[in-house]
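Pasted below: input03.pdb, PDB, C-alpha atoms and all ligand atoms.
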MODEL        1
ATOM      1  CA  MET A  29      70.489  81.734 143.605
ATOM      2  CA  ARG A  30      68.301  80.838 140.652
ATOM      3  CA  PRO A  31      68.017  83.498 137.960
ATOM      4  CA  LEU A  32      64.824  85.325 137.182
ATOM      5  CA  ARG A  33      63.244  84.128 133.955
ATOM      6  CA  MET A  34      60.558  86.680 133.304
ATOM      7  CA  VAL A  35      59.477  86.053 129.797
ATOM      8  CA  ALA A  36      58.242  83.185 127.720
ATOM      9  CA  PRO A  37      60.361  83.135 124.585
ATOM     10  CA  PRO A  38      58.594  84.409 121.485
ATOM     11  CA  GLY A  39      58.440  81.890 118.662
ATOM     12  CA  PRO A  40      59.025  78.164 118.411
ATOM     13  CA  GLN A  41      62.710  77.296 117.863
ATOM     14  CA  PRO A  42      65.594  79.452 119.029
ATOM     15  CA  LEU A  43      68.115  80.410 116.373
ATOM     16  CA  LEU A  44      70.915  80.394 118.909
ATOM     17  CA  GLN A  45      70.943  78.088 121.941
ATOM     18  CA  VAL A  46      73.509  78.601 124.654
ATOM     19  CA  ARG A  47      73.315  75.841 127.256
ATOM     20  CA  ASP A  48      75.094  75.764 130.620
ATOM     21  CA  VAL A  49      78.184  77.360 129.162
ATOM     22  CA  THR A  50      81.232  77.635 131.372
ATOM     23  CA  LEU A  51      84.160  79.520 129.876
ATOM     24  CA  GLN A  52      87.639  79.624 131.296
ATOM     25  CA  TYR A  53      91.138  80.687 130.419
ATOM     26  CA  ARG A  54      94.543  79.370 131.373
ATOM     27  CA  SER A  55      96.587  82.278 132.602
ATOM     28  CA  GLY A  56     100.072  81.973 134.090
ATOM     29  CA  GLY A  57      99.461  78.412 135.232
ATOM     30  CA  ALA A  58      96.107  79.310 136.835
ATOM     31  CA  THR A  59      92.570  78.846 135.537
ATOM     32  CA  VAL A  60      90.411  81.956 135.274
ATOM     33  CA  ARG A  61      86.715  81.214 135.090
ATOM     34  CA  ALA A  62      84.891  83.799 132.986
ATOM     35  CA  THR A  63      81.340  82.395 133.045
ATOM     36  CA  GLN A  64      79.563  79.647 134.939
ATOM     37  CA  ASP A  65      76.639  77.611 133.537
ATOM     38  CA  VAL A  66      75.212  80.394 131.398
ATOM     39  CA  SER A  67      72.137  79.548 129.318
ATOM     40  CA  PHE A  68      70.040  81.658 126.991
ATOM     41  CA  ASP A  69      68.100  81.439 123.738
ATOM     42  CA  VAL A  70      68.163  83.989 120.954
ATOM     43  CA  PHE A  71      65.318  83.976 118.458
ATOM     44  CA  ASP A  72      65.267  85.112 114.863
ATOM     45  CA  GLY A  73      65.010  88.902 114.787
ATOM     46  CA  ASP A  74      65.899  89.360 118.466
ATOM     47  CA  ARG A  75      68.035  92.245 119.606
ATOM     48  CA  PHE A  76      69.485  90.321 122.517
ATOM     49  CA  VAL A  77      71.713  92.155 124.952
ATOM     50  CA  LEU A  78      74.273  90.707 127.363
ATOM     51  CA  LEU A  79      74.513  93.194 130.208
ATOM     52  CA  GLY A  80      76.701  93.041 133.270
ATOM     53  CA  PRO A  81      79.595  94.558 135.175
ATOM     54  CA  SER A  82      83.144  94.593 133.874
ATOM     55  CA  GLY A  83      84.732  91.155 133.946
ATOM     56  CA  CYS A  84      81.478  89.149 134.089
ATOM     57  CA  GLY A  85      82.330  87.369 130.850
ATOM     58  CA  LYS A  86      80.187  89.212 128.270
ATOM     59  CA  SER A  87      82.980  89.435 125.697
ATOM     60  CA  SER A  88      83.979  85.857 126.396
ATOM     61  CA  LEU A  89      80.412  84.702 125.686
ATOM     62  CA  LEU A  90      80.400  86.650 122.434
ATOM     63  CA  LYS A  91      83.737  85.103 121.462
ATOM     64  CA  ALA A  92      82.385  81.641 122.250
ATOM     65  CA  VAL A  93      79.303  82.250 120.068
ATOM     66  CA  GLY A  94      81.698  83.547 117.416
ATOM     67  CA  GLY A  95      83.564  80.229 117.612
ATOM     68  CA  PHE A  96      86.810  81.859 118.743
ATOM     69  CA  ILE A  97      86.935  80.071 122.105
ATOM     70  CA  ALA A  98      85.466  76.705 123.075
ATOM     71  CA  PRO A  99      83.362  76.206 126.221
ATOM     72  CA  ALA A 100      84.969  74.210 129.015
ATOM     73  CA  ALA A 101      81.468  72.879 129.632
ATOM     74  CA  GLY A 102      78.077  73.302 127.989
ATOM     75  CA  SER A 103      77.100  73.759 124.366
ATOM     76  CA  ILE A 104      76.372  76.434 121.790
ATOM     77  CA  GLU A 105      74.166  75.694 118.787
ATOM     78  CA  LEU A 106      73.302  77.962 115.898
ATOM     79  CA  ASP A 107      70.382  76.829 113.781
ATOM     80  CA  GLY A 108      70.662  73.372 115.334
ATOM     81  CA  ARG A 109      74.388  72.975 114.605
ATOM     82  CA  ALA A 110      77.142  72.999 117.195
ATOM     83  CA  VAL A 111      79.382  76.052 116.990
ATOM     84  CA  THR A 112      82.959  74.797 116.733
ATOM     85  CA  GLN A 113      84.759  77.495 114.747
ATOM     86  CA  PRO A 114      84.255  81.004 113.365
ATOM     87  CA  GLY A 115      82.125  81.353 110.257
ATOM     88  CA  PRO A 116      80.542  83.970 107.990
ATOM     89  CA  ASP A 117      77.151  83.232 109.581
ATOM     90  CA  ARG A 118      78.418  85.142 112.672
ATOM     91  CA  MET A 119      79.921  88.485 111.799
ATOM     92  CA  ALA A 120      81.332  90.641 114.571
ATOM     93  CA  VAL A 121      81.718  94.362 115.203
ATOM     94  CA  PHE A 122      84.110  95.341 117.969
ATOM     95  CA  GLN A 123      84.717  98.465 120.009
ATOM     96  CA  GLU A 124      88.116  99.240 118.511
ATOM     97  CA  PHE A 125      88.299 101.607 115.578
ATOM     98  CA  ASP A 126      91.229  99.705 114.059
ATOM     99  CA  GLN A 127      89.177  96.700 112.953
ATOM    100  CA  LEU A 128      89.247  97.893 109.320
ATOM    101  CA  PRO A 129      92.350  97.185 107.232
ATOM    102  CA  PRO A 130      93.742 100.710 106.700
ATOM    103  CA  TRP A 131      95.020 100.014 103.197
ATOM    104  CA  LYS A 132      91.501  99.331 101.884
ATOM    105  CA  THR A 133      88.949 101.997 101.018
ATOM    106  CA  VAL A 134      85.470 101.905 102.563
ATOM    107  CA  LEU A 135      84.147 100.102  99.485
ATOM    108  CA  GLU A 136      87.025  97.607  99.457
ATOM    109  CA  ASN A 137      86.577  96.977 103.177
ATOM    110  CA  VAL A 138      82.897  96.127 102.742
ATOM    111  CA  MET A 139      83.509  94.076  99.587
ATOM    112  CA  PHE A 140      86.351  92.037 101.054
ATOM    113  CA  PRO A 141      84.380  89.450 103.110
ATOM    114  CA  LEU A 142      81.807  89.185 100.328
ATOM    115  CA  LEU A 143      84.545  88.185  97.905
ATOM    116  CA  ALA A 144      86.253  85.967 100.468
ATOM    117  CA  ALA A 145      82.985  84.058 101.018
ATOM    118  CA  LYS A 146      83.005  83.280  97.267
ATOM    119  CA  ARG A 147      79.232  83.441  97.028
ATOM    120  CA  LEU A 148      79.011  86.503  94.790
ATOM    121  CA  THR A 149      80.705  87.654  91.620
ATOM    122  CA  ARG A 150      82.832  90.800  91.831
ATOM    123  CA  VAL A 151      80.044  92.847  90.225
ATOM    124  CA  GLU A 152      77.445  91.486  92.647
ATOM    125  CA  ALA A 153      79.742  92.033  95.627
ATOM    126  CA  ARG A 154      80.334  95.630  94.569
ATOM    127  CA  GLU A 155      76.607  96.223  94.147
ATOM    128  CA  ARG A 156      75.829  94.676  97.557
ATOM    129  CA  ALA A 157      78.610  96.646  99.238
ATOM    130  CA  LEU A 158      77.461  99.939  97.699
ATOM    131  CA  ASP A 159      73.920  99.252  98.882
ATOM    132  CA  TRP A 160      75.062  98.704 102.485
ATOM    133  CA  ILE A 161      77.403 101.669 102.400
ATOM    134  CA  ALA A 162      74.433 103.810 101.368
ATOM    135  CA  ARG A 163      72.239 102.288 104.073
ATOM    136  CA  VAL A 164      74.708 103.343 106.760
ATOM    137  CA  GLY A 165      74.904 106.825 105.230
ATOM    138  CA  LEU A 166      78.449 106.683 103.859
ATOM    139  CA  ALA A 167      77.897 106.783 100.080
ATOM    140  CA  ARG A 168      79.782 110.079  99.954
ATOM    141  CA  VAL A 169      82.975 108.553 101.379
ATOM    142  CA  LYS A 170      82.944 105.158  99.688
ATOM    143  CA  ASP A 171      86.423 105.737  98.245
ATOM    144  CA  ALA A 172      87.936 107.147 101.441
ATOM    145  CA  TYR A 173      90.497 105.289 103.571
ATOM    146  CA  PRO A 174      89.669 104.498 107.216
ATOM    147  CA  HIS A 175      92.217 106.936 108.704
ATOM    148  CA  THR A 176      90.285 109.824 107.141
ATOM    149  CA  LEU A 177      87.037 108.818 108.876
ATOM    150  CA  SER A 178      85.682 109.662 112.340
ATOM    151  CA  GLY A 179      85.212 106.916 114.941
ATOM    152  CA  GLY A 180      81.474 106.817 114.273
ATOM    153  CA  MET A 181      82.027 106.529 110.528
ATOM    154  CA  LYS A 182      84.480 103.667 111.023
ATOM    155  CA  GLN A 183      81.887 101.842 113.125
ATOM    156  CA  ARG A 184      79.334 102.406 110.354
ATOM    157  CA  VAL A 185      81.737 100.776 107.880
ATOM    158  CA  ALA A 186      82.208  97.833 110.245
ATOM    159  CA  ILE A 187      78.426  97.452 110.567
ATOM    160  CA  ALA A 188      77.929  97.647 106.784
ATOM    161  CA  ARG A 189      80.718  95.111 106.249
ATOM    162  CA  ALA A 190      79.139  92.698 108.727
ATOM    163  CA  LEU A 191      75.517  93.045 107.605
ATOM    164  CA  ALA A 192      76.379  92.909 103.886
ATOM    165  CA  LEU A 193      77.316  89.286 104.442
ATOM    166  CA  GLN A 194      73.800  88.615 105.793
ATOM    167  CA  PRO A 195      74.991  86.693 108.856
ATOM    168  CA  LYS A 196      72.573  84.613 110.895
ATOM    169  CA  VAL A 197      73.645  86.621 113.931
ATOM    170  CA  LEU A 198      75.401  89.969 114.137
ATOM    171  CA  LEU A 199      77.733  89.992 117.148
ATOM    172  CA  MET A 200      78.525  93.410 118.600
ATOM    173  CA  ASP A 201      80.980  93.853 121.474
ATOM    174  CA  GLU A 202      80.541  97.309 123.028
ATOM    175  CA  PRO A 203      80.624  98.772 119.507
ATOM    176  CA  PHE A 204      79.824 102.324 120.615
ATOM    177  CA  ALA A 205      81.688 102.447 123.931
ATOM    178  CA  ALA A 206      84.658 104.405 122.580
ATOM    179  CA  LEU A 207      82.471 107.099 120.988
ATOM    180  CA  ASP A 208      81.476 110.425 122.525
ATOM    181  CA  ALA A 209      77.983 110.529 124.018
ATOM    182  CA  LEU A 210      76.369 112.306 121.078
ATOM    183  CA  THR A 211      77.870 109.999 118.457
ATOM    184  CA  ARG A 212      77.001 106.995 120.587
ATOM    185  CA  ARG A 213      73.381 108.099 120.568
ATOM    186  CA  THR A 214      73.461 108.661 116.796
ATOM    187  CA  MET A 215      74.913 105.188 116.297
ATOM    188  CA  GLN A 216      72.228 103.617 118.470
ATOM    189  CA  GLU A 217      69.691 105.381 116.255
ATOM    190  CA  ALA A 218      71.429 104.209 113.074
ATOM    191  CA  LEU A 219      71.521 100.595 114.288
ATOM    192  CA  THR A 220      67.858 100.684 115.300
ATOM    193  CA  LYS A 221      66.893 102.191 111.949
ATOM    194  CA  LEU A 222      68.791  99.481 110.054
ATOM    195  CA  TRP A 223      66.991  96.835 112.090
ATOM    196  CA  GLU A 224      63.604  98.460 111.462
ATOM    197  CA  GLU A 225      64.267  98.612 107.713
ATOM    198  CA  ALA A 226      65.320  94.967 107.518
ATOM    199  CA  PRO A 227      65.321  93.029 110.811
ATOM    200  CA  PHE A 228      68.387  90.952 111.621
ATOM    201  CA  THR A 229      69.362  88.975 114.706
ATOM    202  CA  LEU A 230      71.642  90.833 117.037
ATOM    203  CA  LEU A 231      73.695  89.703 120.027
ATOM    204  CA  PHE A 232      74.941  92.903 121.655
ATOM    205  CA  VAL A 233      77.317  93.318 124.588
ATOM    206  CA  THR A 234      77.273  96.433 126.740
ATOM    207  CA  HIS A 235      77.762  97.492 130.328
ATOM    208  CA  SER A 236      75.505 100.508 129.868
ATOM    209  CA  ILE A 237      72.032  99.913 131.283
ATOM    210  CA  GLU A 238      70.579 102.752 129.181
ATOM    211  CA  GLU A 239      72.121 101.381 125.998
ATOM    212  CA  ALA A 240      70.770  97.909 126.772
ATOM    213  CA  LEU A 241      67.241  99.296 127.165
ATOM    214  CA  VAL A 242      67.446 101.376 123.984
ATOM    215  CA  VAL A 243      69.086  98.790 121.736
ATOM    216  CA  GLY A 244      67.658  95.514 123.049
ATOM    217  CA  ASN A 245      64.295  93.827 122.994
ATOM    218  CA  ARG A 246      65.568  91.214 125.455
ATOM    219  CA  ILE A 247      68.277  91.592 128.065
ATOM    220  CA  LEU A 248      70.273  88.960 129.916
ATOM    221  CA  LEU A 249      71.718  90.266 133.175
ATOM    222  CA  LEU A 250      74.944  88.631 134.302
ATOM    223  CA  SER A 251      76.304  88.640 137.837
ATOM    224  CA  PRO A 252      79.895  89.673 138.581
ATOM    225  CA  HIS A 253      82.843  87.445 137.898
ATOM    226  CA  PRO A 254      82.431  84.643 137.039
ATOM    227  CA  GLY A 255      79.298  85.574 135.110
ATOM    228  CA  ARG A 256      76.135  83.692 135.929
ATOM    229  CA  VAL A 257      72.652  84.487 134.670
ATOM    230  CA  ARG A 258      71.087  86.919 137.129
ATOM    231  CA  ALA A 259      67.845  87.609 135.260
ATOM    232  CA  GLU A 260      66.318  87.769 131.822
ATOM    233  CA  LEU A 261      64.094  90.687 130.927
ATOM    234  CA  ASN A 262      61.905  91.902 128.126
ATOM    235  CA  SER A 263      62.661  95.464 127.073
ATOM    236  CA  HIS A 264      60.800  95.736 123.778
ATOM    237  CA  GLN A 265      58.658  98.571 125.148
ATOM    238  CA  PHE A 266      61.639 100.926 125.208
ATOM    239  CA  GLY A 267      63.240 102.687 122.292
ATOM    240  CA  LEU A 268      65.184 105.784 121.416
ATOM    241  CA  ALA A 269      62.288 108.044 122.334
ATOM    242  CA  SER A 270      61.858 106.612 125.839
ATOM    243  CA  GLY A 271      65.127 107.938 127.275
ATOM    244  CA  GLY A 272      63.781 110.604 129.601
ATOM    245  CA  SER A 273      60.503 108.918 130.547
ATOM    246  CA  ALA A 274      59.723 107.972 134.131
ATOM    247  CA  GLU A 275      59.067 104.395 133.022
ATOM    248  CA  PHE A 276      62.511 104.190 131.411
ATOM    249  CA  GLN A 277      64.235 105.645 134.472
ATOM    250  CA  ALA A 278      62.391 103.200 136.715
ATOM    251  CA  ALA A 279      63.432 100.279 134.518
ATOM    252  CA  ALA A 280      67.052 101.439 134.585
ATOM    253  CA  GLN A 281      66.873 101.701 138.387
ATOM    254  CA  ARG A 282      65.376  98.262 138.646
ATOM    255  CA  ILE A 283      68.131  96.744 136.512
ATOM    256  CA  HIS A 284      70.769  98.581 138.512
ATOM    257  CA  GLY A 285      69.302  97.045 141.652
ATOM    258  CA  LEU A 286      69.312  93.576 140.131
ATOM    259  CA  LEU A 287      72.921  93.933 139.042
ATOM    260  CA  PHE A 288      74.541  95.631 141.978
ATOM    261  CA  ASP A 289      72.316  95.957 144.992
ATOM    262  CA  ALA A 290      71.819  92.968 147.257
ATOM    263  CA  ALA A 291      68.647  94.574 148.646
ATOM    264  CA  GLY A 292      67.221  94.713 145.130
ATOM    265  CA  ALA A 293      68.249  91.161 144.395
ATOM    266  CA  PRO A 294      65.545  88.706 143.449
ATOM    267  CA  ALA A 295      64.269  86.099 145.837
ATOM    268  CA  ALA A 296      65.602  82.585 145.493
ATOM    269  CA  HIS A 297      62.489  81.577 143.569
ATOM    270  CA  GLU A 298      61.384  82.577 140.097
ATOM    271  CA  GLU A 299      59.260  85.674 140.050
ATOM    272  CA  ARG A 300      57.849  87.906 137.388
ATOM    273  CA  ILE A 301      58.921  91.487 137.438
ATOM    274  CA  ALA A 302      57.739  94.244 135.201
ATOM    275  CA  LEU A 303      60.208  96.750 133.915
TER     276      LEU A 303
HETATM  277  N1  LIG B 401      92.644  85.905 127.187
HETATM  278  C1  LIG B 401      92.381  85.843 128.474
HETATM  279  N2  LIG B 401      93.240  85.228 129.339
HETATM  280  C2  LIG B 401      92.975  85.168 130.659
HETATM  281  N3  LIG B 401      91.867  85.676 131.231
HETATM  282  C3  LIG B 401      91.000  86.299 130.446
HETATM  283  C4  LIG B 401      91.189  86.418 129.031
HETATM  284  N4  LIG B 401      90.134  87.103 128.493
HETATM  285  C5  LIG B 401      89.323  87.391 129.537
HETATM  286  N5  LIG B 401      89.827  86.912 130.683
HETATM  287  C6  LIG B 401      89.212  87.018 132.025
HETATM  288  O1  LIG B 401      87.901  86.483 131.953
HETATM  289  C7  LIG B 401      87.008  87.271 132.712
HETATM  290  C8  LIG B 401      85.883  87.769 131.809
HETATM  291  O2  LIG B 401      86.420  88.668 130.842
HETATM  292  P1  LIG B 401      85.529  89.324 129.715
HETATM  293  O3  LIG B 401      86.397  90.230 128.908
HETATM  294  O4  LIG B 401      84.789  88.273 128.987
HETATM  295  O5  LIG B 401      84.482  90.174 130.583
HETATM  296  P2  LIG B 401      83.554  91.384 130.171
HETATM  297  O6  LIG B 401      82.288  91.218 130.926
HETATM  298  O7  LIG B 401      83.435  91.445 128.685
HETATM  299  O8  LIG B 401      84.381  92.635 130.718
HETATM  300  P3  LIG B 401      84.457  94.138 130.165
HETATM  301  O9  LIG B 401      83.073  94.720 130.275
HETATM  302  O10 LIG B 401      85.443  94.783 131.093
HETATM  303  O11 LIG B 401      84.963  94.052 128.746
HETATM  304  C9  LIG B 401      87.836  88.387 133.327
HETATM  305  O12 LIG B 401      88.212  88.000 134.618
HETATM  306  C10 LIG B 401      89.050  88.469 132.429
HETATM  307  O13 LIG B 401      90.174  88.928 133.139
ENDMDL
END
Could you render the structure as structure tokens?
Amino acid sequence: MRPLRMVAPPGPQPLLQVRDVTLQYRSGGATVRATQDVSFDVFDGDRFVLLGPSGCGKSSLLKAVGGFIAPAAGSIELDGRAVTQPGPDRMAVFQEFDQLPPWKTVLENVMFPLLAAKRLTRVEARERALDWIARVGLARVKDAYPHTLSGGMKQRVAIARALALQPKVLLMDEPFAALDALTRRTMQEALTKLWEEAPFTLLFVTHSIEEALVVGNRILLLSPHPGRVRAELNSHQFGLASGGSAEFQAAAQRIHGLLFDAAGAPAAHEERIAL
């Protein structure tokens, strides 16, 4: 079945081009296919969400864009260059709270990649790190060690650390999934606010339909294992304030239908649907 392609891409050249990407793993002598012929474009300033059921290959796609795994078929280009390995132009934030070295303070954690990239002096790196720590609201705990911070605070450090390096794309793999509902909401707000203050390009993985609508301006729906593109949707009309609205609920229903319900599945031809 051909995927729905609802929206003409905004802007001329995509920053990130994913073309017909098939990802697979060797596991115990067998081949596990994670995605099949997945294509999408991400444009500068997009908040692009990969949404789909567990096991559809969202994390694998993020890892491939990160340069951690190579496609078995297809290509990934960032700014016109083939992605072949990890690089500081693609910083990642993961779900796990243990992604920060525990022996470094908040400030040292944020400074570390800046120093490792060797683009800034120590003084400049410190200044940049302090700025980002303040932007994520952690100035007060800049000298604290990760084990003294809450899950939400640790994720804020990880976000500051990633954005301080000014990557071309920020990769986020279910970054708020391990947080309680209230903190998750606060983190969605914090991320949106950071983007509004200084837009960056985001590739965000979630299996929460609501989170996809709130965080993303464009959403790629993937079918169950192995992941194929099911549909691509514009969701820029929704934000943090839209949560309870009838329009938001209807959009969430519609996406649910596209993902899980054969009756709600699109016809075998391209059609335009409004969220
Ligand atoms: N290292 C690996 N070795 C073997 N198979 C793997 C490996 N990593 C992922 N897979 C398989 O690839 C498929 C896609 O996994 P992936 O983690 O990318 O999906 P996902 O959509 O991110 O799932 P979830 O939402 O549960 O995190 C799954 O069948 C998974 O079991």
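Minimum atom-to-atom distances from A:Pro174, A:Pro254, A:Pro129, A:Gly57 to ligand LIG 401 (chain B) were compared using only C-alpha atoms and all ligand atoms, and the lowest value belongs to A:Pro254.
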Would you kindly translate the PyMOL selection byres (((chain A and resi 262-276) around 9) and not hetatm) into the concrete residues it picks from this file, as a short mmCIF file (atom, residue, chain, number, x, y, z; two decimals) with C-alpha atoms, keeping the file's coordinate frame?
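What ended up in expr_5.cif:
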data_model
loop_
_atom_site.label_atom_id
_atom_site.label_comp_id
_atom_site.auth_asym_id
_atom_site.auth_seq_id
_atom_site.Cartn_x
_atom_site.Cartn_y
_atom_site.Cartn_z
CA MET A 34 60.56 86.68 133.30
CA VAL A 35 59.48 86.05 129.80
CA ARG A 213 73.38 108.10 120.57
CA GLN A 216 72.23 103.62 118.47
CA GLU A 217 69.69 105.38 116.26
CA THR A 220 67.86 100.68 115.30
CA GLU A 238 70.58 102.75 129.18
CA ALA A 240 70.77 97.91 126.77
CA LEU A 241 67.24 99.30 127.16
CA VAL A 242 67.45 101.38 123.98
CA VAL A 243 69.09 98.79 121.74
CA GLY A 244 67.66 95.51 123.05
CA ASN A 245 64.30 93.83 122.99
CA ARG A 246 65.57 91.21 125.46
CA ILE A 247 68.28 91.59 128.06
CA GLU A 260 66.32 87.77 131.82
CA LEU A 261 64.09 90.69 130.93
CA GLN A 277 64.24 105.64 134.47
CA ALA A 278 62.39 103.20 136.72
CA ALA A 279 63.43 100.28 134.52
CA ALA A 280 67.05 101.44 134.58
CA GLN A 281 66.87 101.70 138.39
CA ALA A 302 57.74 94.24 135.20
CA LEU A 303 60.21 96.75 133.92
#
Shortest contact to ligand LIG 401 (chain B), candidates A:Arg282, A:His235, A:Arg212, A:Arg184, atoms counted all atoms listed in the file, goes to A:His235
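Closest to ligand LIG 401 (chain B) among A:His175, A:Lys182, A:Lys86, A:Arg47 is A:Lys86, based on all atoms listed in the file.
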Residue members of the PyMOL selection byres (((chain A and resi 118) around 10) and not hetatm) in the file shown, as a JSON list (two decimals) with C-alpha atoms, in the coordinates of the input:
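Result went into expr21.json, see below:
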[["chain", "number", "residue", "atom", "x", "y", "z"],
["A", 93, "VAL", "CA", 79.30, 82.25, 120.07],
["A", 94, "GLY", "CA", 81.70, 83.55, 117.42],
["A", 95, "GLY", "CA", 83.56, 80.23, 117.61],
["A", 106, "LEU", "CA", 73.30, 77.96, 115.90],
["A", 114, "PRO", "CA", 84.26, 81.00, 113.36],
["A", 115, "GLY", "CA", 82.12, 81.35, 110.26],
["A", 116, "PRO", "CA", 80.54, 83.97, 107.99],
["A", 117, "ASP", "CA", 77.15, 83.23, 109.58],
["A", 119, "MET", "CA", 79.92, 88.48, 111.80],
["A", 120, "ALA", "CA", 81.33, 90.64, 114.57],
["A", 190, "ALA", "CA", 79.14, 92.70, 108.73],
["A", 191, "LEU", "CA", 75.52, 93.04, 107.60],
["A", 193, "LEU", "CA", 77.32, 89.29, 104.44],
["A", 194, "GLN", "CA", 73.80, 88.62, 105.79],
["A", 195, "PRO", "CA", 74.99, 86.69, 108.86],
["A", 196, "LYS", "CA", 72.57, 84.61, 110.90],
["A", 197, "VAL", "CA", 73.64, 86.62, 113.93],
["A", 198, "LEU", "CA", 75.40, 89.97, 114.14],
["A", 199, "LEU", "CA", 77.73, 89.99, 117.15],
["A", 230, "LEU", "CA", 71.64, 90.83, 117.04],
["A", 231, "LEU", "CA", 73.69, 89.70, 120.03]]
